[in-house]
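Here is the structure we will look at.
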Amino acid sequence: MSTALEKISGMGGFYVNAGTSARTGLAVESIVVMTDCVFTAFAINGVNQMTTKNLTGVTIKAGTYLPTNPNFNITAYTLSSGSVIEYQ
């Protein structure tokens with residue numbers, strides 16, 4: 001489990017994703033949107049969050065920070081467009 005400061009600082013490293021293939025089996029603590037993007041899948045701790053987080057059909061603007069609770073991780077997502085940086 002990480003602390004809030006570890007989440008913000010990305011102490012576990014990062015990965016840049018500009019593809020549209022599913023990213024699964026992740027332990028991502030936050031995402032920063034690099035270019036406007038649309039998610040077609042987004043799971044936190046294995047639970048689909050598309051409806052809960054109102055992500056369906058929504059364009060997330062560049063520069064948006066998508067954090068998780070310190071006790072949770074983004075475990076999977078798929079982009080239909082755009083690019084993001086995952087922080088582990």
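Chain labels follow the order of the structure tokens: the first chain is A, the next B, and so on; residue numbering restarts at 1 in every chain, and ligands are counted from 1 in their shown order.
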
Strand (DSSP E or B) per DSSP on the backbone: members of chain A, as a ChimeraX atom specification: /A:14-17,23,28,30-44,47-48,59-60,65-67,74-87

Next, dump the selected residues to file, keeping only N, CA and C atoms, as a CSV table (one decimal), in the first residue's frame.
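Saved the output as result10.csv:
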chain,number,residue,atom,x,y,z
A,14,PHE,N,6.9,4.9,-14.3
A,14,PHE,CA,5.9,5.3,-15.2
A,14,PHE,C,5.9,4.5,-16.5
A,15,TYR,N,4.9,4.6,-17.3
A,15,TYR,CA,4.8,4.0,-18.6
A,15,TYR,C,3.9,4.9,-19.5
A,16,VAL,N,4.4,5.2,-20.7
A,16,VAL,CA,3.6,6.0,-21.6
A,16,VAL,C,2.9,5.1,-22.5
A,17,ASN,N,1.6,5.3,-22.7
A,17,ASN,CA,0.7,4.5,-23.5
A,17,ASN,C,0.0,5.4,-24.5
A,23,ARG,N,-4.9,-2.7,-21.7
A,23,ARG,CA,-3.8,-2.8,-20.7
A,23,ARG,C,-4.4,-3.5,-19.5
A,28,VAL,N,-1.5,0.3,-11.3
A,28,VAL,CA,-1.3,1.7,-11.6
A,28,VAL,C,-2.0,2.6,-10.5
A,30,SER,N,-2.0,6.1,-10.5
A,30,SER,CA,-2.6,7.3,-11.1
A,30,SER,C,-2.2,7.4,-12.6
A,31,ILE,N,-3.0,8.1,-13.3
A,31,ILE,CA,-2.8,8.4,-14.7
A,31,ILE,C,-2.9,9.9,-15.0
A,32,VAL,N,-2.0,10.3,-15.8
A,32,VAL,CA,-2.1,11.7,-16.3
A,32,VAL,C,-2.3,11.6,-17.8
A,33,VAL,N,-3.3,12.4,-18.3
A,33,VAL,CA,-3.7,12.4,-19.7
A,33,VAL,C,-2.8,13.3,-20.4
A,34,MET,N,-2.1,12.8,-21.4
A,34,MET,CA,-1.1,13.6,-22.2
A,34,MET,C,-1.8,14.3,-23.4
A,35,THR,N,-2.6,13.6,-24.1
A,35,THR,CA,-3.5,14.2,-25.1
A,35,THR,C,-4.9,13.8,-24.9
A,36,ASP,N,-5.9,14.6,-25.3
A,36,ASP,CA,-7.3,14.3,-25.1
A,36,ASP,C,-7.5,12.8,-25.4
A,37,CYS,N,-8.2,12.1,-24.5
A,37,CYS,CA,-8.4,10.7,-24.7
A,37,CYS,C,-9.8,10.2,-24.3
A,38,VAL,N,-10.2,9.1,-24.9
A,38,VAL,CA,-11.4,8.4,-24.6
A,38,VAL,C,-11.1,7.0,-24.1
A,39,PHE,N,-11.6,6.6,-22.9
A,39,PHE,CA,-11.5,5.3,-22.4
A,39,PHE,C,-12.7,4.4,-22.9
A,40,THR,N,-12.4,3.2,-23.3
A,40,THR,CA,-13.5,2.2,-23.5
A,40,THR,C,-13.6,1.2,-22.4
A,41,ALA,N,-12.6,1.1,-21.6
A,41,ALA,CA,-12.6,0.3,-20.4
A,41,ALA,C,-11.7,1.0,-19.3
A,42,PHE,N,-12.1,0.8,-18.1
A,42,PHE,CA,-11.4,1.4,-17.0
A,42,PHE,C,-11.8,0.7,-15.7
A,43,ALA,N,-10.8,0.0,-15.1
A,43,ALA,CA,-11.1,-0.8,-13.9
A,43,ALA,C,-10.2,-0.4,-12.7
A,44,ILE,N,-10.8,-0.3,-11.6
A,44,ILE,CA,-10.1,-0.1,-10.3
A,44,ILE,C,-10.3,-1.3,-9.4
A,47,VAL,N,-12.7,-3.9,-10.8
A,47,VAL,CA,-14.1,-3.5,-10.9
A,47,VAL,C,-14.3,-2.5,-12.0
A,48,ASN,N,-15.1,-2.7,-13.0
A,48,ASN,CA,-15.4,-1.8,-14.0
A,48,ASN,C,-15.9,-0.5,-13.5
A,59,THR,N,-14.8,12.6,-23.4
A,59,THR,CA,-13.4,12.9,-23.8
A,59,THR,C,-12.7,13.5,-22.6
A,60,ILE,N,-11.7,12.9,-22.1
A,60,ILE,CA,-10.9,13.4,-21.0
A,60,ILE,C,-9.8,14.3,-21.5
A,65,TYR,N,-5.5,14.8,-14.3
A,65,TYR,CA,-4.9,13.8,-13.3
A,65,TYR,C,-6.0,12.9,-12.8
A,66,LEU,N,-5.8,11.6,-13.0
A,66,LEU,CA,-6.7,10.6,-12.5
A,66,LEU,C,-6.1,9.7,-11.4
A,67,PRO,N,-6.3,10.1,-10.2
A,67,PRO,CA,-5.7,9.4,-9.1
A,67,PRO,C,-6.6,8.3,-8.6
A,74,ILE,N,-5.5,1.2,-10.3
A,74,ILE,CA,-6.1,1.0,-11.7
A,74,ILE,C,-5.5,-0.3,-12.2
A,75,THR,N,-6.4,-1.3,-12.4
A,75,THR,CA,-5.9,-2.6,-12.8
A,75,THR,C,-6.0,-2.9,-14.3
A,76,ALA,N,-6.8,-2.1,-15.0
A,76,ALA,CA,-7.0,-2.3,-16.4
A,76,ALA,C,-7.6,-1.1,-17.0
A,77,TYR,N,-7.3,-0.8,-18.3
A,77,TYR,CA,-8.0,0.2,-19.1
A,77,TYR,C,-7.7,0.0,-20.5
A,78,THR,N,-8.5,0.6,-21.4
A,78,THR,CA,-8.3,0.6,-22.8
A,78,THR,C,-8.6,2.0,-23.3
A,79,LEU,N,-7.8,2.5,-24.2
A,79,LEU,CA,-8.0,3.8,-24.8
A,79,LEU,C,-8.6,3.5,-26.2
A,80,SER,N,-9.5,4.4,-26.7
A,80,SER,CA,-9.9,4.3,-28.1
A,80,SER,C,-9.2,5.5,-28.8
A,81,SER,N,-8.7,6.5,-28.1
A,81,SER,CA,-7.9,7.5,-28.7
A,81,SER,C,-7.1,8.2,-27.6
A,82,GLY,N,-6.1,9.0,-28.0
A,82,GLY,CA,-5.3,9.7,-27.0
A,82,GLY,C,-4.1,9.0,-26.4
A,83,SER,N,-3.5,9.6,-25.4
A,83,SER,CA,-2.3,9.1,-24.8
A,83,SER,C,-2.3,9.5,-23.3
A,84,VAL,N,-1.7,8.6,-22.5
A,84,VAL,CA,-1.6,8.8,-21.1
A,84,VAL,C,-0.2,8.4,-20.6
A,85,ILE,N,0.1,8.8,-19.4
A,85,ILE,CA,1.2,8.3,-18.6
A,85,ILE,C,0.7,7.6,-17.4
A,86,GLU,N,1.0,6.3,-17.2
A,86,GLU,CA,0.7,5.6,-16.0
A,86,GLU,C,1.7,5.8,-15.0
A,87,TYR,N,1.4,6.0,-13.8
A,87,TYR,CA,2.3,6.0,-12.7
A,87,TYR,C,2.1,4.9,-11.7

Atom CA of Ala18 of chain A to atom CA of Gly46 of chain A: how many Å, to one decimal?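 Result for atom CA of Ala18 of chain A versus atom CA of Gly46 of chain A: 21.9 Å, one decimal.
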
Find the distance between atom CA of Gln49 of chain A and atom CA of Asn69 of chain A and write it in Å to one decimal.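 It comes out at 13.6 Å.
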